[in-house]
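File shown: input-v1.cif (mmCIF, C-alpha atoms).
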data_my_file
loop_
_atom_site.label_atom_id
_atom_site.label_comp_id
_atom_site.auth_asym_id
_atom_site.auth_seq_id
_atom_site.Cartn_x
_atom_site.Cartn_y
_atom_site.Cartn_z
CA MET A 71 0.00 0.00 0.00
CA GLY A 72 1.09 3.55 -0.45
CA TYR A 73 0.48 7.18 -1.25
CA ILE A 74 2.34 9.50 -3.65
CA SER A 75 1.68 13.22 -3.37
CA ASN A 76 2.30 15.85 -6.07
CA SER A 77 2.34 13.24 -8.80
CA GLU A 78 0.57 12.09 -11.93
CA VAL A 79 2.22 8.66 -11.83
CA LYS A 80 -0.04 6.00 -13.34
CA ASN A 81 1.87 2.87 -12.36
CA ILE A 82 4.70 1.64 -10.18
CA ASP A 83 6.85 -1.43 -10.80
CA ILE A 84 8.26 -3.96 -8.34
CA THR A 85 11.03 -5.92 -10.07
CA ARG A 86 13.95 -8.25 -9.67
CA LYS A 87 15.55 -10.77 -12.02
CA GLY A 88 12.78 -13.06 -13.25
CA PHE A 89 10.06 -11.05 -11.53
CA ASP A 90 8.07 -8.00 -12.64
CA LYS A 91 4.89 -6.72 -11.00
CA ARG A 92 3.11 -3.55 -12.16
CA ILE A 93 0.74 -1.85 -9.73
CA LYS A 94 -1.81 0.78 -10.76
CA VAL A 95 -1.74 4.15 -8.99
CA ASN A 96 -5.15 5.71 -8.43
CA SER A 97 -5.96 9.28 -9.40
CA ASP A 98 -5.66 10.38 -5.75
CA GLY A 99 -2.09 9.00 -5.54
CA THR A 100 -2.92 5.87 -3.56
CA PHE A 101 -1.99 2.36 -4.60
CA SER A 102 -2.50 -1.10 -3.15
CA ASP A 103 -2.01 -4.66 -4.33
CA THR A 104 -1.07 -8.14 -3.20
CA VAL A 105 2.27 -9.28 -4.57
CA LYS A 106 3.26 -12.94 -4.48
CA ILE A 107 7.03 -13.01 -4.08
CA ILE A 108 8.96 -15.76 -5.81
CA LYS A 109 11.98 -15.34 -3.56
CA LYS A 110 12.38 -13.06 -0.56
CA GLY A 111 15.04 -10.40 -0.69
CA TYR A 112 16.03 -7.38 -2.73
CA HIS A 113 13.58 -5.91 -5.22
CA THR A 114 13.46 -2.56 -6.98
CA PHE A 115 10.61 -0.10 -6.51
CA ASN A 116 10.32 2.24 -9.51
CA ASP A 117 7.70 4.88 -10.31
CA GLY A 118 9.37 5.89 -13.58
CA GLU A 119 11.39 8.71 -12.04
CA ASN A 120 12.31 7.57 -8.55
CA LYS A 121 13.92 4.25 -7.84
CA ILE A 122 14.75 2.56 -4.54
CA LEU A 123 15.92 -0.81 -3.29
CA ILE A 124 13.40 -2.63 -1.09
CA HIS A 125 13.51 -5.93 0.80
CA ILE A 126 10.30 -7.95 0.86
CA LYS A 127 8.96 -11.44 1.48
CA ASN A 128 5.54 -13.05 1.40
CA GLY A 129 3.53 -11.93 4.41
CA ASP A 130 4.99 -8.45 4.56
CA VAL A 131 2.68 -5.44 4.43
CA LEU A 132 4.93 -2.67 3.19
CA ASN A 133 3.55 0.86 3.14
CA PHE A 134 5.15 3.69 1.14
CA GLU A 135 4.48 7.39 1.42
CA TYR A 136 6.39 10.17 -0.30
CA ASP A 137 6.28 13.45 -2.15
CA TYR A 138 7.07 12.77 -5.82
CA SER A 139 8.85 16.11 -6.17
CA ASN A 140 11.14 15.45 -3.18
CA PHE A 141 11.47 11.69 -3.04
CA SER A 142 14.76 11.20 -1.19
CA LYS A 143 13.83 13.50 1.69
CA THR A 144 10.21 12.44 2.15
CA VAL A 145 10.02 8.70 1.47
CA ALA A 146 8.85 6.84 4.58
CA PHE A 147 7.99 3.23 5.30
CA SER A 148 5.69 1.48 7.74
CA GLY A 149 3.70 -1.73 8.10
CA VAL A 150 4.75 -5.33 8.65
CA GLY A 151 8.33 -6.12 7.64
CA PHE A 152 9.20 -2.53 6.72
CA GLU A 153 12.32 -2.35 8.91
CA THR A 154 14.74 -3.89 6.40
CA THR A 155 13.64 -1.58 3.59
CA ALA A 156 13.87 1.41 5.94
CA TYR A 157 17.40 0.32 6.83
CA LEU A 158 18.43 0.10 3.17
CA ASN A 159 17.16 3.64 2.60
CA LYS A 160 19.03 4.96 5.66
CA ARG A 161 22.20 3.21 4.53
CA LYS A 162 21.96 4.78 1.07
CA LYS A 163 21.58 8.26 2.58
CA LEU A 164 24.44 7.69 5.02
CA TYR A 165 26.78 6.47 2.28
CA ALA A 166 25.97 9.56 0.20
CA LYS A 167 26.32 12.01 3.09
CA GLU A 168 29.64 10.63 4.37
CA GLY A 169 31.12 9.71 0.98
CA ILE A 170 31.65 6.12 2.09
CA ASN A 171 31.95 4.87 -1.48
CA ASN A 172 34.88 7.23 -2.04
CA PRO A 173 37.73 6.25 0.34
CA LYS A 174 39.81 9.14 -1.00
CA LEU A 175 37.58 11.50 1.00
CA PHE A 176 38.78 9.70 4.12
CA PHE A 177 42.42 9.28 3.13
CA LYS A 178 43.01 12.95 2.36
CA LEU A 179 42.06 13.98 5.91
CA GLU A 180 44.61 14.90 8.55
CA PRO A 181 45.13 12.11 11.15
CA ASP A 182 42.85 13.50 13.87
CA ALA A 183 40.10 14.35 11.40
CA PHE A 184 40.42 10.88 9.86
CA LYS A 185 40.02 9.18 13.26
CA ASP A 186 36.99 11.31 14.07
CA LYS A 187 35.32 10.62 10.73
CA VAL A 188 35.95 6.87 10.87
CA LYS A 189 34.57 6.68 14.41
CA ARG A 190 31.51 8.71 13.43
CA VAL A 191 30.83 6.56 10.37
CA GLU A 192 31.33 3.33 12.31
CA ASP A 193 28.90 4.47 15.02
CA LYS A 194 26.28 5.54 12.48
CA LEU A 195 26.57 2.35 10.43
CA ASN A 196 26.02 0.25 13.55
CA LYS A 197 23.26 2.54 14.86
CA ILE A 198 21.02 2.12 11.82
CA LEU A 199 21.30 -1.67 12.20
CA GLU A 200 19.92 -1.62 15.75
CA PRO A 201 16.13 -1.66 15.10
CA LYS A 202 14.43 -4.99 15.66
CA GLY A 203 12.78 -6.48 12.61
CA ILE A 204 15.69 -6.10 10.20
CA ASP A 205 16.24 -9.37 8.37
CA SER A 206 18.70 -11.37 10.48
CA LEU A 207 20.72 -12.73 7.56
CA LEU A 208 21.06 -9.28 6.01
CA LYS A 209 22.02 -7.80 9.38
CA ALA A 210 24.81 -10.34 9.82
CA LYS A 211 26.14 -9.59 6.34
CA GLU A 212 25.97 -5.85 6.91
CA LEU A 213 27.78 -6.05 10.25
CA SER A 214 30.54 -8.07 8.58
CA ARG A 215 30.75 -5.59 5.71
CA ASN A 216 30.95 -2.67 8.10
CA THR A 217 33.77 -4.34 10.02
CA LYS A 218 35.72 -4.95 6.81
CA LEU A 219 35.14 -1.37 5.64
CA ILE A 220 36.46 0.19 8.84
CA ALA A 221 39.43 -2.21 8.88
CA TYR A 222 40.25 -1.33 5.26
CA LEU A 223 40.19 2.40 5.98
CA LYS A 224 42.41 2.08 9.06
CA GLN A 225 44.89 -0.33 7.46
CA ASN A 226 45.35 1.76 4.31
CA TYR A 227 45.20 5.27 5.71
CA ALA A 228 48.92 5.89 6.26
CA LYS A 229 49.94 4.71 2.79
CA GLU A 230 47.10 6.43 0.93
CA TYR A 231 47.48 9.66 2.90
CA GLU A 232 51.14 9.80 1.89
CA ASN A 233 50.29 9.07 -1.76
CA LEU A 234 47.67 11.81 -1.86
CA ALA A 235 50.00 14.25 -0.13
CA ARG A 236 52.64 13.63 -2.81
CA LEU A 237 50.06 14.45 -5.49
CA ALA A 238 48.65 17.54 -3.80
CA LYS A 239 48.56 20.80 -5.75
CA GLY A 240 51.96 22.47 -5.61
CA SER A 241 53.84 19.27 -4.77
CA VAL A 242 56.77 18.00 -6.83
CA SER A 243 55.43 15.56 -9.40
CA PRO A 244 56.30 11.86 -9.09
CA LYS A 245 58.68 10.90 -11.87
CA PHE A 246 58.35 8.29 -14.56
CA ILE A 247 61.50 6.98 -16.20
CA GLY A 248 62.18 5.17 -19.45
CA TYR A 249 58.70 4.63 -20.90
CA GLU A 250 58.64 3.36 -24.48
CA ASN A 251 57.88 6.13 -26.97
CA TYR A 252 55.67 5.39 -29.98
CA ASN A 253 58.09 7.37 -32.15
CA GLY A 254 61.05 5.37 -30.87
CA GLY A 255 63.38 5.38 -27.89
CA LYS A 256 62.61 5.90 -24.22
CA THR A 257 61.06 8.93 -22.57
CA SER A 258 61.16 10.19 -18.98
CA LEU A 259 59.42 13.06 -17.23
CA ASP A 260 62.73 14.92 -16.93
CA ASP A 261 62.81 15.16 -20.73
CA PHE A 262 60.11 17.83 -20.50
CA LYS A 263 61.84 20.18 -18.08
CA GLY A 264 60.99 23.79 -18.78
CA ASN A 265 57.48 22.94 -19.96
CA PHE A 266 54.09 22.43 -18.43
CA VAL A 267 53.10 18.78 -18.81
CA TYR A 268 49.55 17.52 -19.31
CA ILE A 269 49.42 13.76 -18.64
CA ASP A 270 46.57 11.59 -19.91
CA VAL A 271 46.52 8.00 -18.65
CA TRP A 272 44.49 5.64 -20.81
CA ALA A 273 44.19 2.16 -22.34
CA THR A 274 42.71 0.77 -25.54
CA TRP A 275 40.16 -1.32 -23.58
CA CYS A 276 38.90 1.70 -21.63
CA GLY A 277 35.72 3.04 -23.24
CA PRO A 278 35.59 6.35 -21.32
CA CYS A 279 39.27 6.94 -22.13
CA LYS A 280 38.66 6.56 -25.84
CA ARG A 281 35.66 8.89 -25.71
CA GLU A 282 37.97 11.58 -24.31
CA ILE A 283 40.38 11.43 -27.27
CA PRO A 284 38.54 14.05 -29.40
CA HIS A 285 38.50 16.44 -26.41
CA LEU A 286 42.22 15.90 -25.88
CA LYS A 287 42.84 16.76 -29.53
CA THR A 288 40.89 19.98 -29.04
CA LEU A 289 43.07 20.88 -26.06
CA GLU A 290 46.22 20.15 -28.04
CA ASP A 291 45.07 22.46 -30.83
CA THR A 292 44.09 25.19 -28.36
CA TYR A 293 47.49 25.23 -26.65
CA LYS A 294 49.72 24.24 -29.57
CA ASN A 295 51.69 27.49 -29.37
CA LYS A 296 52.18 27.33 -25.60
CA LYS A 297 54.95 25.74 -23.54
CA ILE A 298 52.89 22.69 -22.73
CA LYS A 299 53.54 19.07 -23.63
CA PHE A 300 50.67 16.64 -23.95
CA VAL A 301 51.76 13.19 -22.84
CA SER A 302 49.47 10.16 -23.21
CA ILE A 303 50.54 7.11 -21.22
CA SER A 304 48.99 3.77 -22.16
CA LEU A 305 48.57 1.13 -19.43
CA ASP A 306 47.77 -1.66 -21.89
CA ASN A 307 49.07 -4.69 -20.01
CA GLY A 308 46.98 -7.40 -21.65
CA ARG A 309 43.61 -6.61 -20.13
CA GLY A 310 40.94 -6.95 -22.78
CA TYR A 311 43.24 -9.20 -24.80
CA LYS A 312 43.16 -12.35 -22.66
CA ASN A 313 46.30 -11.14 -20.87
CA ASP A 314 48.23 -11.19 -24.14
CA VAL A 315 50.60 -8.23 -23.67
CA LYS A 316 51.91 -8.49 -27.22
CA LYS A 317 48.41 -8.11 -28.69
CA ALA A 318 47.69 -5.25 -26.32
CA LYS A 319 50.80 -3.42 -27.41
CA GLU A 320 49.95 -3.89 -31.08
CA ALA A 321 46.44 -2.56 -30.39
CA TRP A 322 48.02 0.49 -28.75
CA LYS A 323 50.14 1.20 -31.83
CA SER A 324 47.21 0.55 -34.16
CA MET A 325 44.89 2.92 -32.30
CA ILE A 326 47.43 5.74 -32.27
CA LYS A 327 47.81 5.44 -36.02
CA GLY A 328 44.13 4.81 -36.75
CA ARG A 329 42.91 7.77 -34.72
CA ASN A 330 45.79 10.03 -35.72
CA MET A 331 46.61 10.69 -32.09
CA LYS A 332 49.03 13.54 -31.49
CA GLY A 333 51.21 14.56 -28.59
CA VAL A 334 53.75 12.28 -26.95
CA GLN A 335 52.52 8.68 -26.91
CA LEU A 336 54.11 6.46 -24.27
CA TYR A 337 53.63 2.81 -23.35
CA ALA A 338 53.81 1.68 -19.71
CA ASP A 339 52.39 -1.82 -19.33
CA LYS A 340 54.09 -2.24 -15.93
CA ALA A 341 53.16 1.14 -14.47
#

Whole structure, structure tokens version:
Amino acid sequence: MGYISNSEVKNIDITRKGFDKRIKVNSDGTFSDTVKIIKKGYHTFNDGENKILIHIKNGDVLNFEYDYSNFSKTVAFSGVGFETTAYLNKRKKLYAKEGINNPKLFFKLEPDAFKDKVKRVEDKLNKILEPKGIDSLLKAKELSRNTKLIAYLKQNYAKEYENLARLAKGSVSPKFIGYENYNGGKTSLDDFKGNFVYIDVWATWCGPCKREIPHLKTLEDTYKNKKIKFVSISLDNGRGYKNDVKKAKEAWKSMIKGRNMKGVQLYADKA
């Protein structure tokens, strides 16, 4: 059952692999139906614009209520068996607010700030798992995942903090030495002393990288009369070619020629 305000939604869908149930939404925004679940667990609730992960099983009576124009801040759950779905929604919001899916946001913090943030996140992750009614199997998995997450952050902080500090704006650039040059010979960063250096790291198997090539060409044309060197470094180490490094290297050469790629083209399969 549910109610959607400020909406002209006609239907909502409850789906998972091998399962698809469409429920009609009445003109007043209410909806109600009985859904026979093939297998308990994660399903997707979708009204065509807003989408959310829900956890349901036969026997649950899950109630939704939200404002269509402000879904994330207004969606609320109640009924029988709503606790697991409510938890999933709280977890999603917490991950977004704290940047949990982006460890770099943790690793760039100073030591005291890092400790405070990790402690705060750990407490919040455990807090939202406290309500009774959350599926016991899911709760066990989530507690284990939280423990691994916190351990990962703590174990990798010192190394990652140092790496990020070395790459901070104004820091001396890490050097690369002796990368194979498409035009022959070896090339190192020191070869470009006296110039600004724009470094593009890519690979032939990387779709987003290849989509950036036209934009890189535009940059090269824009700054062709400036003291800036455009250096493209390929990491083709066999990925996408059944770990065949030789084929990967040939693909690198072929793509440079086929797409008429300019600038300094370097190969670093072991970088």

Quick one: which residues end up in the PyMOL selection byres ((chain A and resi 306) around 9) for this structure, as a compact mmCIF listing (two decimals) with C-alpha atoms, keeping the file's coordinate frame?
# COMPACT_ATOMS: atom_id res chain seq x y z
CA TRP A 272 44.49 5.64 -20.81
CA ALA A 273 44.19 2.16 -22.34
CA THR A 274 42.71 0.77 -25.54
CA TRP A 275 40.16 -1.32 -23.58
CA SER A 304 48.99 3.77 -22.16
CA LEU A 305 48.57 1.13 -19.43
CA ASN A 307 49.07 -4.69 -20.01
CA GLY A 308 46.98 -7.40 -21.65
CA ARG A 309 43.61 -6.61 -20.13
CA GLY A 310 40.94 -6.95 -22.78
CA VAL A 315 50.60 -8.23 -23.67
CA ALA A 318 47.69 -5.25 -26.32
CA LYS A 319 50.80 -3.42 -27.41
CA ALA A 321 46.44 -2.56 -30.39
CA TRP A 322 48.02 0.49 -28.75
CA TYR A 337 53.63 2.81 -23.35
CA ALA A 338 53.81 1.68 -19.71
CA ASP A 339 52.39 -1.82 -19.33
CA LYS A 340 54.09 -2.24 -15.93

Would you pick out the contacts of A:Glu180 at 12 Å or less, using all atoms listed in the file, so that residues sharing its chain but fewer than 3 positions from it are not included, and give the list as a VMD selection string? chain A and resid 175 to 177 183 to 187 227 to 228 230 to 232 234 to 235

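Across the model, the gap from atom CA of A:Tyr293 to atom CA of A:Tyr268 is 10.8 Å.
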
Of the listed residues A:Leu237, A:Leu164, A:Ile170, A:Leu336, that which approaches A:Gly255 most closely, counting only C-alpha atoms: A:Leu336

Give me the result of the PyMOL selection byres ((chain A and resi 142) around 12) on this file, residue by residue, as a PyMOL selection string. chain A and resi 119-122+135-141+143-146+159-160+162-163+166

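Put simply, the PyMOL selection byres ((chain A and resi 210-223) around 8) in this file takes in Pro173, Phe176, Phe177, Val188, Glu192, Leu195, Asn196, Ser206, Leu207, Leu208, Lys209, Lys224, Gln225, Asn226 and Tyr227 of chain A.
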
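Taking atom CA of A:Gly99 and atom CA of A:Gly118 as the two end points, the separation is 14.3 Å.
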
Stretch 281-290 of chain A, all listed atoms, 3 Å padding on each side: what axis-aligned box centre and edge lengths in Å to one decimal come out, as AutoDock Vina command-line options?
--center_x 40.9 --center_y 14.9 --center_z -26.9 --size_x 16.6 --size_y 18.0 --size_z 11.2

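Going from atom CA of A:Glu168 over to atom CA of A:Ser148, you cover 25.9 Å.
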
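Remark: for A:Ser258, the closest of the candidate residues A:Ser97, A:Asn76, A:Lys229, A:Lys245 is A:Lys245 (distances computed over only C-alpha atoms).
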
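Closest approach to A:Asn265 among A:Ile298, A:Ile126, A:Val95, A:Met71: A:Ile298, based on all atoms listed in the file.
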
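Counting only C-alpha atoms, the residue from A:Tyr157, A:Lys174, A:Gly264, A:Lys297 that sits nearest to A:Lys197 is A:Tyr157.
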
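If you count all atoms listed in the file and ignore residues fewer than 5 places along the chain from A:Asn128, what sits within 9 Å of it is Val105, Lys106, Ile107, Ile108, Lys109 and Lys110 of chain A.
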
Reconstruct stretch 296-317 of chain A at the level of N, CA and C atoms, and format the result as a short mmCIF file (atom, residue, chain, number, x, y, z; two decimals), keeping the file's coordinate frame.
data_model
loop_
_atom_site.label_atom_id
_atom_site.label_comp_id
_atom_site.auth_asym_id
_atom_site.auth_seq_id
_atom_site.Cartn_x
_atom_site.Cartn_y
_atom_site.Cartn_z
N LYS A 296 51.78 27.07 -26.98
CA LYS A 296 52.18 27.33 -25.60
C LYS A 296 53.25 26.32 -25.17
N LYS A 297 53.90 26.64 -24.06
CA LYS A 297 54.95 25.74 -23.54
C LYS A 297 54.32 24.63 -22.70
N ILE A 298 53.54 23.80 -23.41
CA ILE A 298 52.89 22.69 -22.73
C ILE A 298 53.02 21.43 -23.58
N LYS A 299 53.39 20.35 -22.95
CA LYS A 299 53.54 19.07 -23.63
C LYS A 299 52.39 18.15 -23.21
N PHE A 300 51.74 17.58 -24.21
CA PHE A 300 50.67 16.64 -23.95
C PHE A 300 51.23 15.22 -24.03
N VAL A 301 51.16 14.51 -22.93
CA VAL A 301 51.76 13.19 -22.84
C VAL A 301 50.66 12.17 -22.52
N SER A 302 50.45 11.22 -23.42
CA SER A 302 49.47 10.16 -23.21
C SER A 302 50.21 8.88 -22.84
N ILE A 303 49.86 8.31 -21.71
CA ILE A 303 50.54 7.11 -21.22
C ILE A 303 49.55 5.94 -21.23
N SER A 304 49.85 4.95 -22.05
CA SER A 304 48.99 3.77 -22.16
C SER A 304 49.38 2.73 -21.11
N LEU A 305 48.35 2.19 -20.43
CA LEU A 305 48.57 1.13 -19.43
C LEU A 305 48.16 -0.23 -19.97
N ASP A 306 48.19 -0.40 -21.29
CA ASP A 306 47.77 -1.66 -21.89
C ASP A 306 48.70 -2.80 -21.49
N ASN A 307 48.24 -3.61 -20.54
CA ASN A 307 49.07 -4.69 -20.01
C ASN A 307 48.51 -6.07 -20.33
N GLY A 308 47.58 -6.12 -21.28
CA GLY A 308 46.98 -7.40 -21.65
C GLY A 308 45.50 -7.49 -21.32
N ARG A 309 45.03 -6.62 -20.46
CA ARG A 309 43.61 -6.61 -20.13
C ARG A 309 42.80 -6.32 -21.40
N GLY A 310 41.75 -7.10 -21.58
CA GLY A 310 40.94 -6.95 -22.78
C GLY A 310 41.46 -7.76 -23.95
N TYR A 311 42.62 -8.39 -23.75
CA TYR A 311 43.24 -9.20 -24.80
C TYR A 311 43.67 -10.55 -24.25
N LYS A 312 42.88 -11.07 -23.29
CA LYS A 312 43.16 -12.35 -22.66
C LYS A 312 44.57 -12.40 -22.09
N ASN A 313 44.98 -11.28 -21.50
CA ASN A 313 46.30 -11.14 -20.87
C ASN A 313 47.46 -11.30 -21.85
N ASP A 314 47.19 -11.11 -23.12
CA ASP A 314 48.23 -11.19 -24.14
C ASP A 314 48.83 -9.78 -24.30
N VAL A 315 49.97 -9.54 -23.65
CA VAL A 315 50.60 -8.23 -23.67
C VAL A 315 51.02 -7.83 -25.08
N LYS A 316 51.47 -8.79 -25.86
CA LYS A 316 51.91 -8.49 -27.22
C LYS A 316 50.75 -7.94 -28.05
N LYS A 317 49.58 -8.58 -27.94
CA LYS A 317 48.41 -8.11 -28.69
C LYS A 317 47.97 -6.73 -28.19
#
